[in-house]
file protein38.cif (mmCIF, C-alpha atoms)
data_my_file
#
loop_
_atom_site.label_atom_id
_atom_site.label_comp_id
_atom_site.auth_asym_id
_atom_site.auth_seq_id
_atom_site.Cartn_x
_atom_site.Cartn_y
_atom_site.Cartn_z
CA MET J 75 58.76 -37.29 -25.86
CA HIS J 76 57.99 -41.01 -25.39
CA THR J 77 59.21 -40.79 -21.76
CA GLU J 78 57.05 -37.70 -21.09
CA ARG J 79 53.98 -39.42 -22.54
CA ALA J 80 54.63 -42.53 -20.45
CA THR J 81 55.04 -40.45 -17.30
CA ARG J 82 51.83 -38.52 -18.04
CA ASN J 83 49.93 -41.77 -18.68
CA THR J 84 51.22 -43.22 -15.41
CA LEU J 85 50.15 -40.13 -13.50
CA LEU J 86 46.70 -40.23 -15.08
CA THR J 87 46.31 -43.93 -14.28
CA VAL J 88 47.34 -43.47 -10.66
CA SER J 89 45.06 -40.44 -10.23
CA GLY J 90 42.16 -42.28 -11.82
CA ALA J 91 42.68 -45.30 -9.58
CA LEU J 92 42.87 -43.05 -6.53
CA MET J 93 39.65 -41.25 -7.48
CA LEU J 94 37.84 -44.53 -8.12
CA GLY J 95 38.97 -45.86 -4.78
CA LEU J 96 37.82 -42.75 -2.99
CA VAL J 97 34.46 -42.73 -4.81
CA LEU J 98 33.82 -46.30 -3.74
CA ALA J 99 35.00 -45.53 -0.22
CA SER J 100 32.84 -42.39 0.24
CA CYS J 101 29.65 -44.35 0.65
CA THR J 102 27.08 -44.19 3.42
CA SER J 103 25.94 -46.92 5.73
CA THR J 104 22.41 -46.52 7.08
CA THR J 105 20.53 -48.30 9.86
CA VAL J 106 16.77 -47.97 10.33
CA ASP J 107 14.86 -49.20 13.39
CA GLU J 108 11.10 -49.24 13.88
CA PHE J 109 9.19 -49.54 17.12
CA ARG J 110 5.44 -49.98 16.68
CA GLN J 111 3.05 -49.18 19.51
CA GLY J 112 -0.28 -49.29 17.70
CA GLU J 113 -2.06 -50.05 14.44
CA THR J 114 -1.86 -47.56 11.62
CA GLY J 115 -3.51 -46.96 8.28
CA ILE J 116 -4.50 -43.91 6.28
CA GLU J 117 -7.28 -43.08 3.82
CA SER J 118 -6.70 -41.24 0.57
CA HIS J 119 -8.46 -38.11 1.83
CA GLU J 120 -6.35 -37.98 4.98
CA SER J 121 -2.92 -36.43 5.38
CA ILE J 122 0.02 -36.20 7.72
CA VAL J 123 2.19 -33.32 8.81
CA ILE J 124 5.91 -33.69 9.52
CA LEU J 125 7.30 -31.21 12.05
CA GLY J 126 10.83 -30.63 13.30
CA ARG J 127 11.63 -30.51 17.03
CA ARG J 128 13.34 -27.25 17.92
CA GLN J 129 13.19 -27.14 21.71
CA ALA J 130 16.81 -28.14 22.38
CA SER J 131 19.26 -25.46 23.36
CA ASP J 132 22.28 -26.79 21.47
CA TYR J 133 20.77 -27.92 18.16
CA GLU J 134 17.61 -27.79 16.10
CA THR J 135 16.16 -30.10 13.50
CA ARG J 136 16.85 -28.45 10.17
CA ALA J 137 13.83 -27.41 8.12
CA ASP J 138 15.59 -28.66 4.95
CA PHE J 139 15.68 -32.21 6.33
CA VAL J 140 12.04 -32.09 7.39
CA ASN J 141 11.06 -30.84 3.94
CA CYS J 142 13.14 -33.60 2.34
CA VAL J 143 11.32 -36.28 4.31
CA GLY J 144 7.97 -34.68 3.47
CA ASP J 145 8.78 -34.55 -0.24
CA GLU J 146 9.87 -38.20 -0.28
CA VAL J 147 6.76 -39.38 1.58
CA ASN J 148 4.58 -37.39 -0.81
CA ARG J 149 5.95 -39.09 -3.94
CA GLY J 150 6.41 -42.51 -5.45
CA SER J 151 4.42 -45.62 -4.76
CA ASN J 152 2.16 -45.63 -1.68
CA SER J 153 2.63 -41.88 -1.43
CA ILE J 154 0.87 -40.05 1.39
CA ASN J 155 -0.52 -36.51 1.40
CA VAL J 156 1.82 -34.31 3.41
CA VAL J 157 0.92 -30.83 4.64
CA PRO J 158 4.03 -28.59 4.41
CA GLU J 159 5.50 -27.82 7.81
CA GLN J 160 5.55 -24.03 7.57
CA GLU J 161 2.02 -23.88 6.18
CA PHE J 162 0.75 -25.97 9.11
CA VAL J 163 2.72 -24.05 11.76
CA ASP J 164 1.51 -20.69 10.40
CA ALA J 165 -2.12 -21.86 10.16
CA LEU J 166 -2.02 -23.17 13.74
CA PHE J 167 -0.03 -20.22 15.08
CA PRO J 168 0.87 -19.92 18.00
CA TRP J 169 0.27 -23.52 19.06
CA PHE J 170 3.24 -25.20 17.34
CA GLU J 171 6.03 -22.70 17.97
CA PRO J 172 9.19 -23.96 19.74
CA ARG J 173 7.93 -22.54 23.05
CA THR J 174 4.38 -23.85 22.77
CA ALA J 175 4.49 -27.06 20.72
CA PRO J 176 3.07 -30.14 22.48
CA LEU J 177 5.86 -32.35 23.79
CA ARG J 178 3.74 -35.37 24.72
CA THR J 179 0.47 -36.85 23.55
CA GLN J 180 -1.15 -35.61 26.77
CA ASP J 181 -0.29 -32.09 25.63
CA LEU J 182 -1.86 -32.86 22.26
CA GLU J 183 -5.02 -33.97 24.05
CA ARG J 184 -5.17 -30.62 25.87
CA LEU J 185 -4.52 -28.79 22.61
CA MET J 186 -7.29 -30.64 20.78
CA SER J 187 -9.74 -29.57 23.50
CA GLU J 188 -9.40 -26.06 22.02
CA GLU J 189 -12.26 -26.04 19.53
CA ILE J 190 -10.63 -23.60 17.16
CA VAL J 191 -7.46 -25.76 17.01
CA ALA J 192 -9.37 -29.00 16.49
CA GLU J 193 -11.34 -27.38 13.65
CA LYS J 194 -8.18 -26.18 11.95
CA ILE J 195 -6.52 -29.60 12.17
CA ASP J 196 -9.68 -31.19 10.84
CA GLU J 197 -9.69 -28.76 7.89
CA PHE J 198 -6.25 -30.06 6.91
CA GLY J 199 -7.46 -33.66 7.29
CA ILE J 200 -4.51 -34.48 9.51
CA ARG J 201 -4.52 -38.09 10.68
CA TYR J 202 -0.93 -38.31 11.99
CA ILE J 203 1.54 -35.77 13.32
CA VAL J 204 5.15 -36.87 12.84
CA TRP J 205 7.82 -35.24 14.98
CA VAL J 206 11.32 -35.46 13.52
CA ASP J 207 14.17 -34.84 15.93
CA GLY J 208 17.90 -35.01 15.23
CA PHE J 209 20.88 -33.48 13.53
CA THR J 210 23.97 -34.23 11.46
CA GLU J 211 27.33 -34.07 13.17
CA THR J 212 30.66 -33.74 11.41
CA THR J 213 33.63 -35.39 13.11
CA GLY J 214 37.06 -36.75 12.39
CA ARG J 215 38.26 -33.87 10.25
CA SER J 216 41.78 -34.46 9.00
CA GLY J 217 44.18 -33.30 6.34
CA SER J 218 44.69 -29.85 4.86
CA ILE J 219 44.48 -28.12 1.52
CA SER J 220 46.53 -25.16 0.42
CA CYS J 221 45.61 -22.88 -2.44
CA ALA J 222 47.87 -20.38 -4.14
CA ILE J 223 47.66 -18.02 -7.07
CA GLY J 224 50.46 -16.42 -8.98
CA PRO J 225 51.24 -14.73 -12.27
CA GLY J 226 51.54 -18.11 -14.02
CA GLY J 227 48.26 -19.46 -12.66
CA GLY J 228 46.94 -20.99 -9.48
CA GLY J 229 45.57 -24.08 -7.89
CA CYS J 230 44.96 -26.06 -4.77
CA PHE J 231 46.90 -29.02 -3.47
CA GLY J 232 46.26 -31.30 -0.53
CA PHE J 233 43.77 -33.72 0.87
CA GLY J 234 40.98 -33.42 3.42
CA SER J 235 38.52 -35.89 4.87
CA TRP J 236 35.77 -35.93 7.44
CA GLU J 237 32.99 -38.16 8.72
CA ASP J 238 29.31 -37.18 8.89
CA ASP J 239 26.84 -38.88 11.22
CA SER J 240 23.11 -38.21 10.80
CA GLU J 241 20.86 -39.45 13.59
CA PHE J 242 17.14 -38.75 13.40
CA ASP J 243 14.05 -40.05 15.18
CA ALA J 244 10.49 -39.78 13.92
CA ARG J 245 7.72 -40.13 16.50
CA ILE J 246 4.26 -40.70 15.06
CA TRP J 247 1.16 -39.44 16.88
CA ASP J 248 -2.34 -40.55 15.93
CA VAL J 249 -4.49 -37.41 16.06
CA ASP J 250 -7.77 -39.38 16.23
CA ALA J 251 -6.69 -41.67 19.06
CA LEU J 252 -4.44 -39.03 20.70
CA THR J 253 -1.73 -41.63 21.27
CA SER J 254 1.77 -42.33 20.08
CA VAL J 255 1.72 -45.22 17.59
CA GLY J 256 5.43 -45.68 17.02
CA THR J 257 8.95 -44.44 16.53
CA ILE J 258 11.31 -44.80 13.59
CA SER J 259 15.03 -44.18 14.09
CA THR J 260 17.60 -43.78 11.39
CA ASP J 261 21.37 -43.52 11.70
CA ALA J 262 23.50 -42.81 8.64
CA THR J 263 27.27 -42.40 8.62
CA GLY J 264 29.66 -41.74 5.80
CA GLN J 265 33.16 -40.57 5.02
CA SER J 266 33.74 -37.67 2.64
CA TYR J 267 36.97 -36.83 0.87
CA LEU J 268 38.33 -33.69 -0.74
CA PRO J 269 41.50 -34.34 -2.76
CA ALA J 270 42.87 -31.28 -4.44
CA VAL J 271 45.02 -31.65 -7.54
CA VAL J 272 45.07 -28.12 -8.94
CA VAL J 273 41.29 -28.05 -8.42
CA PRO J 274 39.52 -29.50 -5.37
CA ILE J 275 37.53 -32.62 -6.25
CA PRO J 276 34.79 -33.12 -3.66
CA LEU J 277 33.80 -36.74 -3.08
CA LEU J 278 30.96 -36.26 -0.65
CA ALA J 279 29.07 -38.97 1.16
CA ARG J 280 25.38 -38.08 0.90
CA VAL J 281 24.74 -38.90 4.53
CA GLU J 282 21.80 -36.66 5.25
CA ALA J 283 20.18 -37.42 1.91
CA ASN J 284 20.42 -41.15 2.61
CA ALA J 285 19.02 -40.64 6.10
CA CYS J 286 16.11 -38.71 4.56
CA ASP J 287 15.39 -41.44 1.98
CA SER J 288 15.56 -44.25 4.54
CA LEU J 289 13.40 -42.45 7.10
CA ALA J 290 10.84 -41.41 4.50
CA ASN J 291 10.49 -44.91 3.00
CA GLN J 292 10.13 -46.52 6.42
CA LEU J 293 7.62 -43.82 7.47
CA LYS J 294 5.53 -44.45 4.35
CA SER J 295 5.35 -48.17 5.11
CA PHE J 296 4.61 -47.54 8.78
CA VAL J 297 1.78 -45.05 8.22
CA ASN J 298 0.23 -47.23 5.50
CA GLY J 299 0.13 -50.05 8.02
CA SER J 300 2.51 -52.41 6.24
CA MET B 66 55.61 -2.70 -18.11
CA THR B 67 53.88 -1.17 -21.13
CA LYS B 68 51.38 1.69 -20.92
CA ALA B 69 48.62 -0.70 -22.08
CA ASN B 70 49.31 -3.09 -19.12
CA ARG B 71 49.35 -0.20 -16.57
CA ILE B 72 45.90 1.00 -17.72
CA SER B 73 44.32 -2.51 -17.52
CA ILE B 74 45.54 -3.10 -13.92
CA ARG B 75 44.32 0.22 -12.48
CA PRO B 76 40.57 -0.66 -12.45
CA LEU B 77 41.36 -3.94 -10.68
CA VAL B 78 43.38 -2.15 -8.01
CA LEU B 79 40.58 0.38 -7.55
CA LEU B 80 38.06 -2.43 -7.21
CA ALA B 81 40.22 -4.16 -4.62
CA VAL B 82 40.56 -0.97 -2.58
CA LEU B 83 36.80 -0.36 -2.72
CA GLY B 84 36.22 -3.93 -1.58
CA LEU B 85 38.52 -3.43 1.42
CA LEU B 86 36.78 -0.20 2.36
CA THR B 87 33.38 -1.89 2.13
CA GLY B 88 34.60 -4.49 4.62
CA CYS B 89 35.11 -1.75 7.21
CA GLY B 90 32.27 -0.11 9.13
CA ALA B 91 29.09 -1.54 10.61
CA SER B 92 26.68 -3.67 8.62
CA SER B 93 23.06 -2.62 8.70
CA VAL B 94 20.38 -5.29 9.22
CA THR B 95 16.69 -4.40 8.92
CA ILE B 96 14.61 -7.18 10.39
CA GLU B 97 11.96 -8.39 7.96
CA GLY B 98 9.57 -11.24 8.51
CA SER B 99 5.98 -12.38 8.06
CA TYR B 100 3.78 -13.00 11.07
CA PRO B 101 0.59 -15.06 10.95
CA THR B 102 -2.71 -14.11 12.55
CA PRO B 103 -3.13 -16.25 15.67
CA THR B 104 -5.63 -19.08 15.76
CA VAL B 105 -7.25 -18.20 19.07
CA ALA B 106 -10.68 -17.25 20.31
CA ARG B 107 -11.02 -13.46 20.09
CA LEU B 108 -11.69 -11.50 23.25
CA PRO B 109 -14.77 -9.26 22.90
CA LEU B 110 -12.75 -6.08 23.43
CA LYS B 111 -11.98 -2.88 21.53
CA ILE B 112 -8.32 -2.01 21.90
CA ALA B 113 -6.36 1.03 20.78
CA VAL B 114 -2.66 0.43 20.19
CA TYR B 115 -0.01 3.12 20.37
CA TYR B 116 3.53 2.62 19.03
CA ASP B 117 5.82 5.34 20.32
CA ASP B 118 8.88 6.55 18.42
CA ALA B 119 11.22 4.55 20.64
CA LEU B 120 9.57 1.35 19.40
CA ARG B 121 9.12 2.42 15.77
CA GLU B 122 12.74 3.49 15.44
CA PHE B 123 14.34 0.85 17.67
CA THR B 124 17.91 0.10 16.68
CA TYR B 125 20.39 -2.18 18.42
CA THR B 126 24.11 -1.84 17.83
CA GLU B 127 26.45 -4.81 18.28
CA PHE B 128 30.09 -4.00 18.94
CA THR B 129 33.20 -6.02 18.23
CA GLU B 130 35.46 -7.06 21.08
CA GLN B 131 37.63 -4.08 20.14
CA GLY B 132 34.69 -1.71 20.64
CA GLN B 133 33.95 -0.97 16.98
CA GLU B 134 30.41 -0.96 15.65
CA GLU B 135 29.75 -4.27 13.93
CA TYR B 136 26.00 -4.51 13.24
CA ASN B 137 23.18 -1.97 13.40
CA ILE B 138 19.95 -3.93 13.73
CA GLN B 139 16.73 -2.08 13.02
CA SER B 140 13.69 -3.97 14.26
CA GLY B 141 11.14 -1.24 14.94
CA GLN B 142 9.05 -1.71 11.81
CA SER B 143 9.11 -5.48 12.22
CA HIS B 144 7.72 -5.10 15.73
CA VAL B 145 4.95 -2.88 14.39
CA ASP B 146 4.20 -5.46 11.67
CA LEU B 147 4.11 -8.19 14.31
CA PHE B 148 1.61 -6.47 16.60
CA ASN B 149 -0.49 -5.37 13.61
CA ALA B 150 -0.73 -9.05 12.63
CA ILE B 151 -1.54 -10.57 16.01
CA LEU B 152 -3.74 -7.98 17.73
CA PRO B 153 -6.67 -8.25 15.25
CA GLY B 154 -6.62 -12.01 15.87
CA MET B 155 -6.82 -11.50 19.65
CA PHE B 156 -9.42 -8.73 19.96
CA GLU B 157 -12.72 -7.94 18.33
CA GLU B 158 -11.61 -4.50 17.15
CA VAL B 159 -8.19 -2.85 17.05
CA PHE B 160 -7.51 0.83 16.40
CA LEU B 161 -4.10 2.29 15.60
CA VAL B 162 -3.55 5.68 17.24
CA ASP B 163 -0.81 8.25 16.74
CA SER B 164 -0.94 9.51 20.31
CA LEU B 165 -2.33 8.61 23.71
CA GLU B 166 -4.47 11.76 23.53
CA GLN B 167 -6.12 10.42 20.36
CA ALA B 168 -6.92 7.17 22.18
CA ALA B 169 -8.76 9.14 24.90
CA ASN B 170 -11.31 10.27 22.31
CA LEU B 171 -12.04 6.78 21.02
CA ASP B 172 -14.72 4.41 22.24
CA VAL B 173 -12.30 1.65 23.26
CA ASP B 174 -11.99 -0.57 26.31
CA ALA B 175 -8.23 -0.14 26.74
CA VAL B 176 -5.04 1.23 25.23
CA PHE B 177 -2.13 -1.12 24.59
CA GLU B 178 1.39 0.28 24.52
CA PRO B 179 4.33 -2.09 23.86
CA ALA B 180 7.91 -1.05 24.51
CA ILE B 181 11.28 -2.74 23.98
CA GLU B 182 13.46 -2.63 27.09
CA GLU B 183 16.43 -4.69 26.01
CA PHE B 184 17.84 -6.44 22.97
CA GLN B 185 20.72 -8.92 23.03
CA LEU B 186 22.51 -10.69 20.24
CA ALA B 187 24.93 -13.63 20.42
CA LEU B 188 27.13 -14.39 17.42
CA PRO B 189 28.80 -17.77 16.77
CA TYR B 190 32.33 -16.40 16.55
CA LYS B 191 31.95 -14.86 20.03
CA THR B 192 30.16 -17.69 21.81
CA LYS B 193 31.99 -20.53 19.98
CA LEU B 194 28.59 -22.15 19.37
CA ASP B 195 27.05 -22.90 15.97
CA VAL B 196 24.02 -20.71 16.61
CA TYR B 197 22.92 -17.09 16.27
CA GLU B 198 20.77 -16.09 19.25
CA VAL B 199 18.51 -13.11 19.93
CA TRP B 200 16.90 -12.21 23.25
CA ILE B 201 14.42 -9.36 23.57
CA LYS B 202 12.81 -8.00 26.74
CA TYR B 203 9.55 -6.06 26.48
CA ASN B 204 7.47 -3.92 28.76
CA LEU B 205 3.78 -4.23 27.85
CA ARG B 206 1.35 -1.71 29.22
CA LEU B 207 -2.42 -1.61 29.29
CA THR B 208 -4.33 1.48 30.37
CA THR B 209 -7.87 2.81 30.21
CA PRO B 210 -8.55 5.38 27.45
CA ASP B 211 -8.17 8.05 30.16
CA GLY B 212 -4.69 6.82 31.00
CA GLU B 213 -5.50 4.98 34.23
CA TYR B 214 -3.36 1.95 34.97
CA ILE B 215 -4.72 -1.53 34.20
CA ALA B 216 -1.64 -3.70 33.84
CA ASP B 217 2.08 -3.43 33.23
CA TRP B 218 4.14 -6.57 32.69
CA VAL B 219 7.37 -7.86 31.26
CA GLU B 220 7.68 -10.43 28.46
CA THR B 221 10.86 -11.96 27.14
CA SER B 222 11.42 -13.70 23.87
CA TYR B 223 14.17 -15.85 22.42
CA GLY B 224 15.12 -16.90 18.93
CA LYS B 225 17.96 -18.96 17.57
CA THR B 226 19.10 -20.25 14.24
CA THR B 227 21.99 -22.52 13.39
CA THR B 228 24.87 -21.53 11.16
CA GLU B 229 24.42 -22.64 7.57
CA ALA B 230 26.76 -22.69 4.61
CA PHE B 231 26.14 -20.00 2.00
CA ARG B 232 24.03 -17.90 4.36
CA SER B 233 25.36 -14.49 5.38
CA ASN B 234 25.65 -13.28 8.97
CA GLU B 235 23.00 -10.68 8.21
CA ALA B 236 20.53 -13.31 6.97
CA SER B 237 21.18 -15.46 10.03
CA ILE B 238 20.66 -12.52 12.40
CA ASN B 239 17.40 -11.73 10.60
CA ALA B 240 16.25 -15.35 10.91
CA ALA B 241 17.02 -15.50 14.64
CA ALA B 242 15.28 -12.15 15.26
CA VAL B 243 12.14 -13.22 13.37
CA ILE B 244 11.99 -16.39 15.47
CA ALA B 245 12.32 -14.24 18.59
CA LEU B 246 9.46 -12.00 17.43
CA ARG B 247 7.27 -15.04 16.74
CA ASP B 248 8.20 -16.29 20.22
CA LEU B 249 6.95 -13.04 21.71
CA ALA B 250 3.76 -13.29 19.68
CA SER B 251 3.03 -16.84 20.86
CA SER B 252 3.77 -16.01 24.49
CA PHE B 253 1.77 -12.76 24.46
CA THR B 254 -1.20 -14.30 22.64
CA LEU B 255 -1.54 -17.26 24.98
CA LYS B 256 -0.70 -15.53 28.27
CA PHE B 257 -2.50 -12.19 27.88
CA ALA B 258 -5.73 -13.19 29.61
CA ASN B 259 -3.76 -14.86 32.43
CA VAL B 260 -1.68 -11.83 33.43
CA PRO B 261 -3.07 -11.28 36.99
CA GLU B 262 -4.01 -7.62 36.56
CA VAL B 263 -5.48 -8.28 33.11
CA ARG B 264 -7.45 -11.25 34.47
CA ASP B 265 -8.86 -9.09 37.28
CA TRP B 266 -9.73 -6.32 34.83
CA LEU B 267 -11.47 -8.73 32.43
CA ALA B 268 -13.48 -10.12 35.34
CA SER B 269 -14.56 -6.60 36.27
CA LEU B 270 -15.99 -5.78 32.81
#
call {"tool": "encode", "arguments": {"input": "protein38.cif", "output": "structure tokens"}}
result
Amino acid sequence: MHTERATRNTLLTVSGALMLGLVLASCTSTTVDEFRQGETGIESHESIVILGRRQASDYETRADFVNCVGDEVNRGSNSINVVPEQEFVDALFPWFEPRTAPLRTQDLERLMSEEIVAEKIDEFGIRYIVWVDGFTETTGRSGSISCAIGPGGGGCFGFGSWEDDSEFDARIWDVDALTSVGTISTDATGQSYLPAVVVPIPLLARVEANACDSLANQLKSFVNGS
Amino acid sequence: MTKANRISIRPLVLLAVLGLLTGCGASSVTIEGSYPTPTVARLPLKIAVYYDDALREFTYTEFTEQGQEEYNIQSGQSHVDLFNAILPGMFEEVFLVDSLEQAANLDVDAVFEPAIEEFQLALPYKTKLDVYEVWIKYNLRLTTPDGEYIADWVETSYGKTTTEAFRSNEASINAAAVIALRDLASSFTLKFANVPEVRDWLASL
């Protein structure tokens, strides 16, 4: 009995050490770059809208990520009013659909010459339009997990890992000046692990969440002019 | 095995068999979406719109590589909902008619008759891409209330959506189709007055 207890304790210690190591290892590293082209600042009655670019043929900026950035910008210290993406796109339909959305500030200038569009944007109090473009790529998948079930029970055994890389750009357009005032780029990478000892234990690197937080915080500072 | 054990297993076996049978046969997808009224300057026109049965009941069937029916996609009602949303935003007055003969008795400037010519669907497991794609080709027709030709043109639309965890194939197909319908709406709304025959007709009014 003493030997069994010692063996069990050893197994628990080794498993615990392995989990701790993997938890510490499944972190995310994030890089944020800012390129400023003009002065910024925003009044309390003004707002911004954050839109995802969806013109590419092989990817599209996920609405969940855009909403995440919007939520983060809209809360905390120095928060900024953010008009929800879908509400803005529906109110300005059909001018911001993937086929028709302005790609350059010159296109925005042409769009704002439409009185009905300019009035609608003014109703929202939009000072800046932020275009978010990017995606998260999963690479470096390795390992395998096997699961089985039988009369005595079941479980999964094995180990899997993969790397996620989130790269997003945010281009900020000043609606009053009809110019681009800057670009913020964020690149977050992280390694996730999935050991399975009877039950799978996901140790996920929150890559996209970290990219969202970093981009949102930098965007807040940029728009506020700091 | 005791009689008590045999009775408790039977419902599970029945459930498993029913589950397997449910996995066979085509899945039905009815396209449902919401379509905003366009933010455009209205044309000072009275338009009658006629949706024929081919449009109202439009169904596309996707087959597996083995030739079995895989998805039946019904989009007729969604097309009707789309045009009912955008036409009042484009024209001063819009009248729904049940027949072209009914339109002839109305005081309208023109009769609009949309038709779906082609519907295509691309699924990720076939294309090896991480997207669901929908292409739709339309024939749009404008006539006088008496049936005389004004314009007849083709519009195409495209919609795609990426694969997402915890979202069914049916939900993804619906999402891609709704995007395609919105694409049609944006193209039709912005290009209508620039279709050459329509432009000439508007100039003649």
call {"tool": "interface_residues", "arguments": {"input": "protein38.cif", "of": "chain J", "to": "chain B", "cutoff": "10 Å", "atoms": "all atoms listed in the file", "output": "compact mmCIF listing (two decimals) with C-alpha atoms, in the frame of the given file"}}
result
# COMPACT_ATOMS: atom_id res chain seq x y z
CA ARG J 128 13.34 -27.25 17.92
CA SER J 131 19.26 -25.46 23.36
CA ASP J 132 22.28 -26.79 21.47
CA TYR J 133 20.77 -27.92 18.16
CA GLU J 134 17.61 -27.79 16.10
CA THR J 135 16.16 -30.10 13.50
CA ARG J 136 16.85 -28.45 10.17
CA VAL J 163 2.72 -24.05 11.76
CA ASP J 164 1.51 -20.69 10.40
CA ALA J 165 -2.12 -21.86 10.16
CA LEU J 166 -2.02 -23.17 13.74
CA PHE J 167 -0.03 -20.22 15.08
CA PRO J 168 0.87 -19.92 18.00
CA TRP J 169 0.27 -23.52 19.06
CA PHE J 170 3.24 -25.20 17.34
CA GLU J 171 6.03 -22.70 17.97
CA PRO J 172 9.19 -23.96 19.74
CA ARG J 173 7.93 -22.54 23.05
CA THR J 174 4.38 -23.85 22.77
CA GLU J 188 -9.40 -26.06 22.02
CA GLU J 189 -12.26 -26.04 19.53
CA ILE J 190 -10.63 -23.60 17.16
CA VAL J 191 -7.46 -25.76 17.01
CA LYS J 194 -8.18 -26.18 11.95
call {"tool": "residues_around", "arguments": {"input": "protein38.cif", "residues": "Arg206 (chain B)", "least_positions_apart": "3", "cutoff": "8 Å", "atoms": "all atoms listed in the file", "output": "number ranges by chain"}}
result
B: 177-179, 215-218
call {"tool": "resolve_selection", "arguments": {"input": "protein38.cif", "expression": "the PyMOL selection byres ((chain B and resi 182-192) around 9)", "output": "list in words"}}
result
Tyr125, Glu127, Glu130, Ala180, Ile181, Lys193, Leu194, Asp195, Val196, Tyr197, Glu198, Val199, Trp200, Ile201, Lys202, Tyr203, Asn204, Thr227, Thr228, Asn234, Ile238 and Ala242 of chain B
call {"tool": "closest_residue", "arguments": {"input": "protein38.cif", "among": "J:Asp145, J:Glu282, J:Asp287, J:Glu237", "to": "Gln265 (chain J)", "atoms": "all atoms listed in the file"}}
result
J:Glu237
call {"tool": "closest_residue", "arguments": {"input": "protein38.cif", "among": "B:Asn137, B:Ser92, B:Gln167, B:Ser143", "to": "Val114 (chain B)", "atoms": "only C-alpha atoms"}}
result
B:Gln167
call {"tool": "closest_residue", "arguments": {"input": "protein38.cif", "among": "B:Val263, B:Leu246, B:Leu161, B:Ala241", "to": "Leu207 (chain B)", "atoms": "only C-alpha atoms"}}
result
B:Val263
call {"tool": "atom_distance", "arguments": {"input": "protein38.cif", "atom1": "CA of Met155 (chain B)", "atom2": "CA of Asp118 (chain B)"}}
result
24.0 Å
call {"tool": "atom_distance", "arguments": {"input": "protein38.cif", "atom1": "CA of Arg79 (chain J)", "atom2": "CA of Gly234 (chain J)"}}
result
29.6 Å
call {"tool": "atom_distance", "arguments": {"input": "protein38.cif", "atom1": "CA of Thr114 (chain J)", "atom2": "CA of Asp261 (chain J)"}}
result
23.6 Å
call {"tool": "resolve_selection", "arguments": {"input": "protein38.cif", "expression": "the PyMOL selection byres ((chain J and resi 294-296) around 8)", "output": "PyMOL selection string"}}
result
chain J and resi 114+147+152-154+290-293+297-300
call {"tool": "closest_residue", "arguments": {"input": "protein38.cif", "among": "J:Val123, J:Ile195, J:Val156, J:Leu278", "to": "Asp250 (chain J)", "atoms": "only C-alpha atoms"}}
result
J:Ile195
call {"tool": "resolve_selection", "arguments": {"input": "protein38.cif", "expression": "the PyMOL selection byres ((chain J and resi 270) around 8)", "output": "mmCIF file with C-alpha atoms, in the coordinates of the input"}}
result
data_model
loop_
_atom_site.group_PDB
_atom_site.id
_atom_site.type_symbol
_atom_site.label_atom_id
_atom_site.label_comp_id
_atom_site.auth_asym_id
_atom_site.auth_seq_id
_atom_site.Cartn_x
_atom_site.Cartn_y
_atom_site.Cartn_z
ATOM 1 C CA ILE J 219 44.480 -28.120 1.520
ATOM 2 C CA CYS J 230 44.960 -26.060 -4.770
ATOM 3 C CA PHE J 231 46.900 -29.020 -3.470
ATOM 4 C CA GLY J 232 46.260 -31.300 -0.530
ATOM 5 C CA PHE J 233 43.770 -33.720 0.870
ATOM 6 C CA LEU J 268 38.330 -33.690 -0.740
ATOM 7 C CA PRO J 269 41.500 -34.340 -2.760
ATOM 8 C CA VAL J 271 45.020 -31.650 -7.540
ATOM 9 C CA VAL J 272 45.070 -28.120 -8.940
ATOM 10 C CA VAL J 273 41.290 -28.050 -8.420
ATOM 11 C CA PRO J 274 39.520 -29.500 -5.370
ATOM 12 C CA ILE J 275 37.530 -32.620 -6.250
#
call {"tool": "residues_around", "arguments": {"input": "protein38.cif", "residues": "Cys286 (chain J)", "least_positions_apart": "3", "cutoff": "12 Å", "atoms": "only C-alpha atoms", "output": "number ranges by chain"}}
result
J: 104-106, 136, 138-147, 206, 208-210, 240-244, 258-262, 280-283, 289-293
call {"tool": "residues_around", "arguments": {"input": "protein38.cif", "residues": "Ala192 (chain J)", "least_positions_apart": "5", "cutoff": "10 Å", "atoms": "all atoms listed in the file", "output": "ChimeraX atom specification"}}
result
/J:166,185-187,197,249
call {"tool": "write_last_selection", "arguments": {"input": "protein38.cif", "atoms": "C-alpha atoms", "output": "mmCIF file, in the frame of the given file"}}
result
data_model
loop_
_atom_site.group_PDB
_atom_site.id
_atom_site.type_symbol
_atom_site.label_atom_id
_atom_site.label_comp_id
_atom_site.auth_asym_id
_atom_site.auth_seq_id
_atom_site.Cartn_x
_atom_site.Cartn_y
_atom_site.Cartn_z
ATOM 1 C CA LEU J 166 -2.020 -23.170 13.740
ATOM 2 C CA LEU J 185 -4.520 -28.790 22.610
ATOM 3 C CA MET J 186 -7.290 -30.640 20.780
ATOM 4 C CA SER J 187 -9.740 -29.570 23.500
ATOM 5 C CA GLU J 197 -9.690 -28.760 7.890
ATOM 6 C CA VAL J 249 -4.490 -37.410 16.060
#
